[in-house]
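Note: the block below is query.cif and it holds mmCIF, C-alpha atoms.
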data_work
loop_
_atom_site.label_atom_id
_atom_site.label_comp_id
_atom_site.auth_asym_id
_atom_site.auth_seq_id
_atom_site.Cartn_x
_atom_site.Cartn_y
_atom_site.Cartn_z
CA MET A 183 39.70 -6.18 -16.21
CA ILE A 184 40.70 -7.25 -12.72
CA ARG A 185 43.24 -9.63 -14.26
CA GLY A 186 44.79 -6.79 -16.21
CA LEU A 187 45.01 -4.72 -13.05
CA ILE A 188 46.69 -7.52 -11.12
CA ILE A 189 49.19 -8.17 -13.89
CA THR A 190 49.98 -4.49 -14.37
CA VAL A 191 50.42 -3.81 -10.67
CA SER A 192 52.60 -6.85 -10.03
CA THR A 193 54.72 -6.42 -13.15
CA GLY A 194 55.10 -2.72 -12.50
CA GLY A 195 56.01 -3.41 -8.89
CA VAL A 196 58.61 -6.03 -9.75
CA LEU A 197 60.17 -3.87 -12.41
CA PHE A 198 60.13 -0.79 -10.19
CA LEU A 199 61.85 -2.67 -7.40
CA GLY A 200 64.30 -4.10 -9.92
CA VAL A 201 65.25 -0.65 -11.11
CA LEU A 202 65.34 0.59 -7.55
CA GLY A 203 67.81 -2.23 -6.89
CA TYR A 204 70.38 -0.38 -8.96
CA THR A 205 70.30 2.57 -6.61
CA VAL A 206 70.64 0.88 -3.23
CA SER A 207 73.37 -1.19 -1.65
CA ALA A 208 73.66 -4.90 -2.29
CA ALA A 209 72.62 -5.82 1.22
CA VAL A 210 69.36 -3.92 1.01
CA ARG A 211 68.75 -5.33 -2.43
CA VAL A 212 69.13 -8.92 -1.30
CA ARG A 213 67.48 -8.71 2.09
CA VAL A 214 64.63 -6.33 1.42
CA LEU A 215 63.86 -5.90 -2.25
CA SER A 216 64.05 -9.42 -3.66
CA PRO A 217 61.71 -10.94 -1.11
CA ILE A 218 59.22 -8.22 -1.90
CA GLN A 219 59.64 -8.84 -5.60
CA PHE A 220 59.10 -12.50 -5.13
CA SER A 221 56.10 -12.13 -2.90
CA LEU A 222 54.62 -9.71 -5.41
CA PHE A 223 55.16 -12.19 -8.19
CA PHE A 224 53.69 -15.11 -6.32
CA ALA A 225 50.86 -13.03 -4.91
CA ALA A 226 49.96 -12.06 -8.45
CA ILE A 227 49.98 -15.69 -9.57
CA LEU A 228 47.91 -16.67 -6.58
CA ALA A 229 45.45 -13.84 -7.16
CA LEU A 230 45.06 -14.77 -10.82
CA PHE A 231 44.61 -18.37 -9.88
CA LEU A 232 41.90 -17.57 -7.32
CA LEU A 233 40.21 -15.25 -9.79
CA ASP A 234 40.16 -17.96 -12.45
CA PHE A 235 38.98 -20.44 -9.92
CA PHE A 236 35.92 -18.42 -8.99
CA MET A 237 35.23 -17.22 -12.50
CA TYR A 238 35.32 -20.62 -14.07
CA ARG A 239 33.60 -22.42 -11.24
CA GLY A 240 30.68 -24.30 -12.67
CA ALA A 241 31.66 -23.37 -16.20
CA ARG A 242 31.02 -25.88 -18.93
CA ILE A 243 34.02 -27.53 -20.50
CA ILE A 244 33.85 -26.73 -24.17
CA GLY A 245 37.17 -28.08 -25.29
CA GLU A 246 40.17 -30.01 -24.12
CA PRO A 247 43.22 -27.92 -23.37
CA ARG A 248 45.57 -28.44 -26.26
CA TRP A 249 48.86 -29.36 -24.73
CA GLY A 250 51.93 -28.60 -26.74
CA GLN A 251 50.26 -25.72 -28.54
CA MET A 252 50.85 -22.27 -27.26
CA PRO A 253 49.77 -18.89 -28.51
CA GLU A 254 52.79 -16.92 -29.62
CA ARG A 255 52.36 -14.26 -27.00
CA SER A 256 52.54 -16.91 -24.27
CA GLN A 257 55.82 -18.10 -25.67
CA TYR A 258 57.18 -14.58 -25.57
CA ALA A 259 55.88 -14.19 -22.04
CA LEU A 260 57.56 -17.43 -20.95
CA ILE A 261 60.90 -16.41 -22.36
CA GLY A 262 60.36 -12.92 -20.95
CA ILE A 263 59.87 -14.30 -17.45
CA THR A 264 63.13 -16.21 -17.51
CA VAL A 265 64.99 -13.27 -18.97
CA THR A 266 63.57 -10.91 -16.36
CA PHE A 267 64.45 -13.27 -13.56
CA THR A 268 67.95 -13.88 -14.80
CA TRP A 269 68.53 -10.21 -15.35
CA LEU A 270 67.29 -9.21 -11.91
CA THR A 271 69.24 -12.07 -10.39
CA MET A 272 72.41 -10.84 -12.00
CA LYS A 273 71.77 -7.50 -10.36
CA THR A 274 70.90 -8.88 -6.97
CA GLY A 275 73.57 -11.52 -7.27
CA VAL A 276 71.76 -14.19 -5.33
CA LEU A 277 72.93 -17.65 -6.28
CA LYS A 278 69.75 -19.09 -4.90
CA LEU A 279 67.70 -17.14 -7.41
CA ALA A 280 69.83 -18.36 -10.29
CA LEU A 281 69.30 -21.85 -9.02
CA ILE A 282 65.55 -21.36 -8.91
CA VAL A 283 65.58 -20.07 -12.47
CA ILE A 284 67.59 -23.05 -13.63
CA VAL A 285 65.37 -25.47 -11.76
CA LEU A 286 62.28 -23.82 -13.19
CA ASN A 287 63.69 -24.06 -16.68
CA LEU A 288 64.58 -27.70 -16.21
CA ALA A 289 61.09 -28.32 -14.91
CA PHE A 290 59.60 -26.74 -18.01
CA LEU A 291 61.97 -28.72 -20.17
CA TYR A 292 60.96 -31.91 -18.44
CA ILE A 293 57.28 -31.17 -18.83
CA GLY A 294 57.89 -30.31 -22.46
CA ILE A 295 59.74 -33.51 -23.20
CA GLU A 296 57.77 -35.91 -21.07
CA TYR A 297 54.20 -34.75 -21.38
CA LEU A 298 53.76 -32.80 -24.58
CA PRO A 299 53.21 -34.59 -27.86
CA GLN A 300 56.40 -34.71 -29.87
CA SER A 301 56.83 -35.03 -33.55
CA GLU A 302 58.81 -38.10 -34.41
CA SER A 303 60.81 -38.92 -37.45
CA ARG A 304 61.29 -42.43 -38.63
CA PRO A 305 64.07 -42.67 -41.14
CA PRO A 306 64.17 -46.04 -42.88
CA LYS A 307 66.33 -48.52 -41.06
CA THR A 308 69.61 -49.59 -42.57
CA ILE A 309 69.50 -53.30 -43.22
CA VAL A 310 72.64 -55.09 -42.10
CA LEU A 311 73.47 -58.38 -43.79
CA LYS A 312 75.17 -61.32 -42.18
CA PRO A 313 78.26 -62.36 -44.15
CA GLY A 314 77.62 -65.60 -45.97
CA ILE A 315 73.86 -65.01 -46.12
CA SER A 316 72.00 -67.51 -48.29
CA GLN A 317 70.88 -66.44 -51.76
CA ALA A 318 67.23 -67.03 -50.89
CA ASP A 319 67.51 -64.66 -47.93
CA LEU A 320 69.39 -62.16 -50.03
CA VAL A 321 66.61 -62.22 -52.62
CA SER A 322 63.82 -61.75 -50.08
CA ILE A 323 65.64 -58.89 -48.36
CA GLY A 324 66.30 -57.36 -51.75
CA GLU A 325 62.64 -57.63 -52.65
CA LYS A 326 61.70 -55.66 -49.54
CA ILE A 327 64.21 -52.94 -50.41
CA VAL A 328 63.01 -52.67 -54.00
CA PHE A 329 59.38 -52.30 -52.94
CA ASP A 330 59.91 -50.21 -49.83
CA LYS A 331 63.05 -48.31 -48.94
CA GLY A 332 64.51 -48.19 -52.46
CA GLN A 333 61.35 -46.56 -53.87
CA CYS A 334 62.07 -48.33 -57.14
CA MET A 335 58.42 -48.91 -57.94
CA VAL A 336 57.87 -45.20 -58.30
CA CYS A 337 59.10 -45.69 -61.85
CA HIS A 338 59.37 -49.41 -62.54
CA SER A 339 56.19 -51.37 -63.06
CA GLU A 340 55.46 -54.69 -61.46
CA THR A 341 53.68 -56.09 -64.47
CA PRO A 342 55.74 -57.69 -67.22
CA SER A 343 55.29 -54.62 -69.38
CA THR A 344 57.96 -52.02 -69.72
CA THR A 345 56.32 -48.65 -69.15
CA GLU A 346 57.22 -45.30 -70.56
CA ARG A 347 59.08 -44.48 -67.42
CA ALA A 348 61.24 -47.53 -66.83
CA PRO A 349 61.89 -51.15 -67.73
CA ALA A 350 59.58 -53.75 -66.16
CA MET A 351 60.69 -55.27 -62.88
CA ALA A 352 59.23 -58.71 -63.55
CA THR A 353 61.66 -59.48 -66.36
CA ILE A 354 64.54 -57.25 -65.37
CA GLY A 355 66.81 -60.17 -64.45
CA ALA A 356 66.54 -61.62 -67.92
CA GLU A 357 67.03 -58.21 -69.51
CA ILE A 358 70.16 -57.64 -67.49
CA ALA A 359 71.60 -61.02 -68.45
CA ARG A 360 70.88 -60.34 -72.13
CA GLU A 361 72.34 -56.84 -72.11
CA ALA A 362 75.42 -57.95 -70.21
CA LYS A 363 76.05 -60.62 -72.83
CA GLU A 364 75.59 -58.03 -75.56
CA ARG A 365 78.17 -55.80 -73.86
CA GLY A 366 80.53 -58.70 -73.19
CA ILE A 367 80.61 -58.16 -69.42
CA THR A 368 79.30 -60.18 -66.49
CA PRO A 369 75.70 -59.70 -65.40
CA GLU A 370 76.90 -58.60 -61.96
CA GLN A 371 79.02 -55.87 -63.42
CA HIS A 372 76.23 -54.65 -65.68
CA LEU A 373 73.76 -54.73 -62.82
CA PHE A 374 75.92 -52.89 -60.30
CA GLU A 375 76.79 -50.34 -62.90
CA SER A 376 73.10 -49.77 -63.63
CA LEU A 377 72.45 -49.19 -59.95
CA VAL A 378 75.31 -46.88 -58.99
CA SER A 379 76.04 -45.24 -62.31
CA PRO A 380 72.72 -45.12 -64.12
CA VAL A 381 73.89 -42.87 -66.93
CA ALA A 382 76.78 -45.14 -67.92
CA TYR A 383 74.53 -47.46 -69.88
CA ILE A 384 71.06 -46.56 -71.01
CA VAL A 385 68.54 -49.22 -71.94
CA LYS A 386 67.45 -48.93 -75.55
CA GLY A 387 64.47 -46.65 -75.92
CA PHE A 388 65.25 -44.59 -72.82
CA LYS A 389 67.01 -41.27 -72.73
CA THR A 390 68.42 -40.83 -69.23
CA MET B 21 67.06 -43.21 -62.78
CA PRO B 22 68.78 -41.97 -59.59
CA ALA B 23 71.89 -43.82 -58.37
CA ALA B 24 70.94 -46.25 -55.61
CA ASN B 25 73.96 -45.55 -53.41
CA GLU B 26 73.44 -41.82 -53.41
CA SER B 27 70.79 -39.46 -52.14
CA PRO B 28 67.80 -39.75 -52.12
CA THR B 29 67.95 -43.54 -51.90
CA SER B 30 71.34 -43.83 -50.17
CA LEU B 31 71.45 -47.60 -49.87
CA THR B 32 74.41 -49.38 -48.32
CA ASP B 33 76.52 -51.90 -50.24
CA GLY B 34 74.77 -54.81 -48.56
CA GLU B 35 71.38 -53.40 -49.44
CA ILE B 36 72.38 -52.87 -53.05
CA ILE B 37 73.66 -56.42 -53.33
CA ALA B 38 70.44 -57.78 -51.82
CA MET B 39 68.50 -55.71 -54.31
CA ALA B 40 70.67 -56.96 -57.13
CA ALA B 41 69.94 -60.52 -56.04
CA TYR B 42 66.23 -59.81 -56.23
CA LEU B 43 66.56 -58.19 -59.65
CA GLN B 44 68.48 -61.19 -60.96
CA SER B 45 65.85 -63.53 -59.54
CA GLN B 46 63.34 -61.84 -61.84
CA GLY B 47 64.05 -63.92 -64.91
CA SER B 48 67.63 -65.07 -64.46
CA ASN B 49 70.07 -66.89 -62.17
CA VAL B 50 71.18 -65.17 -59.00
CA THR B 51 74.95 -64.83 -59.20
CA VAL B 52 75.63 -62.10 -56.66
CA SER B 53 76.40 -62.95 -53.05
CA TYR B 54 77.26 -61.17 -49.83
CA PRO B 55 80.00 -60.34 -49.03
CA GLY B 56 81.41 -61.98 -52.17
CA SER B 57 80.13 -59.26 -54.51
CA VAL B 58 81.31 -56.34 -52.40
CA PRO B 59 84.63 -55.78 -54.27
CA LEU B 60 82.90 -55.67 -57.65
CA LEU B 61 80.26 -53.27 -56.36
CA LYS B 62 82.94 -51.07 -54.80
CA ALA B 63 84.80 -51.01 -58.11
CA GLU B 64 81.64 -49.89 -59.95
CA GLU B 65 80.99 -47.22 -57.33
CA ALA B 66 84.55 -45.93 -57.70
CA LYS B 67 84.14 -45.84 -61.46
CA ALA B 68 80.86 -43.94 -61.08
CA ALA B 69 82.54 -41.47 -58.75
CA ARG B 70 85.26 -40.84 -61.33
CA GLY B 71 82.52 -40.22 -63.87
CA GLU B 72 83.58 -42.93 -66.31
CA LYS B 73 81.24 -43.81 -69.12
CA GLY B 74 80.35 -47.45 -69.77
CA LYS B 75 81.32 -49.13 -72.97
#
Represent the structure from my file as structure tokens, please.
Amino acid sequence: MIRGLIITVSTGGVLFLGVLGYTVSAAVRVRVLSPIQFSLFFAAILALFLLDFFMYRGARIIGEPRWGQMPERSQYALIGITVTFTWLTMKTGVLKLALIVIVLNLAFLYIGIEYLPQSESRPPKTIVLKPGISQADLVSIGEKIVFDKGQCMVCHSETPSTTERAPAMATIGAEIAREAKERGITPEQHLFESLVSPVAYIVKGFKT
Amino acid sequence: MPAANESPTSLTDGEIIAMAAYLQSQGSNVTVSYPGSVPLLKAEEAKAARGEKGK
């Protein structure tokens, strides 16, 4: 109740003075009205703070504040504050005010970036090979890619059995060598083709 | 199966060659190398891009 009154009075006052600013000369606006607006604004914040302080004194803590989560109306209010400030500043034309707004925004930005939990994305790393890498290293790096980043095991099975979905991984080298011979091309060519142009050659028993 | 050098897998040439080495090691001799196999892989990718069918 009291909070509502404080907010209404201060907001109304600030807006009224803002509108009044249109009607008076710039000098009056800057020297008289803006300080009043500002004191109103800060007085309201102070009053609300004191009110909360006394109201919640001795209150039990029932939950942690959830940083980084904001009710939608608070978000609107936040944006509204900056817009109001900027708008009134434009009218009053005080550089200092613009500066304050910018500084305030940067402060919020900083708090947002530094202190609030952020979602992070971890795209798989690109693996860079050294030229002239040994075959053993190549094979072990390749194994990691097949099982992890390449997602090959979604379809291919690790056991020696070819499943309904895809040929078995465990014997795939031998299969490739055999099929390449059948096609009269090198195993490398057959293998690379399978990997970058899967529809070019389809293993017997599979459709696409 | 989806092409390894395109979305969603989007592997680089080096990664594909490493993978090929692993595949060959599963039952056969490893004949690919890096960067030795890059030209052949590039040729196959170009062929795939042109939409050529294998023989």
Q. Do you know which residues the PyMOL selection byres ((chain A) within 9 of (chain B)) returns on this file, as a ChimeraX atom specification?
A. /A:308-328,331-333,337,348,351-359,365,369-371,373-383,390
**Q.** Among listed residues A:Ile188, A:Leu197, A:Cys334, A:Leu260, nearest Ala229 in chain A (using only C-alpha atoms)
**A.** A:Ile188
Q) Expressed in Å to a single decimal, how great is the separation between CA of Val336 in chain A and CA of Arg70 in chain B? A) 27.9 Å
Q. So how many Å separate CA of Tyr292 in chain A and CA of Ala280 in chain A, to one decimal?
A. 18.1 Å
Q | Distance of CA of Phe220 in chain A from CA of Leu279 in chain A, expressed in Å to one decimal place | A | 10.0 Å
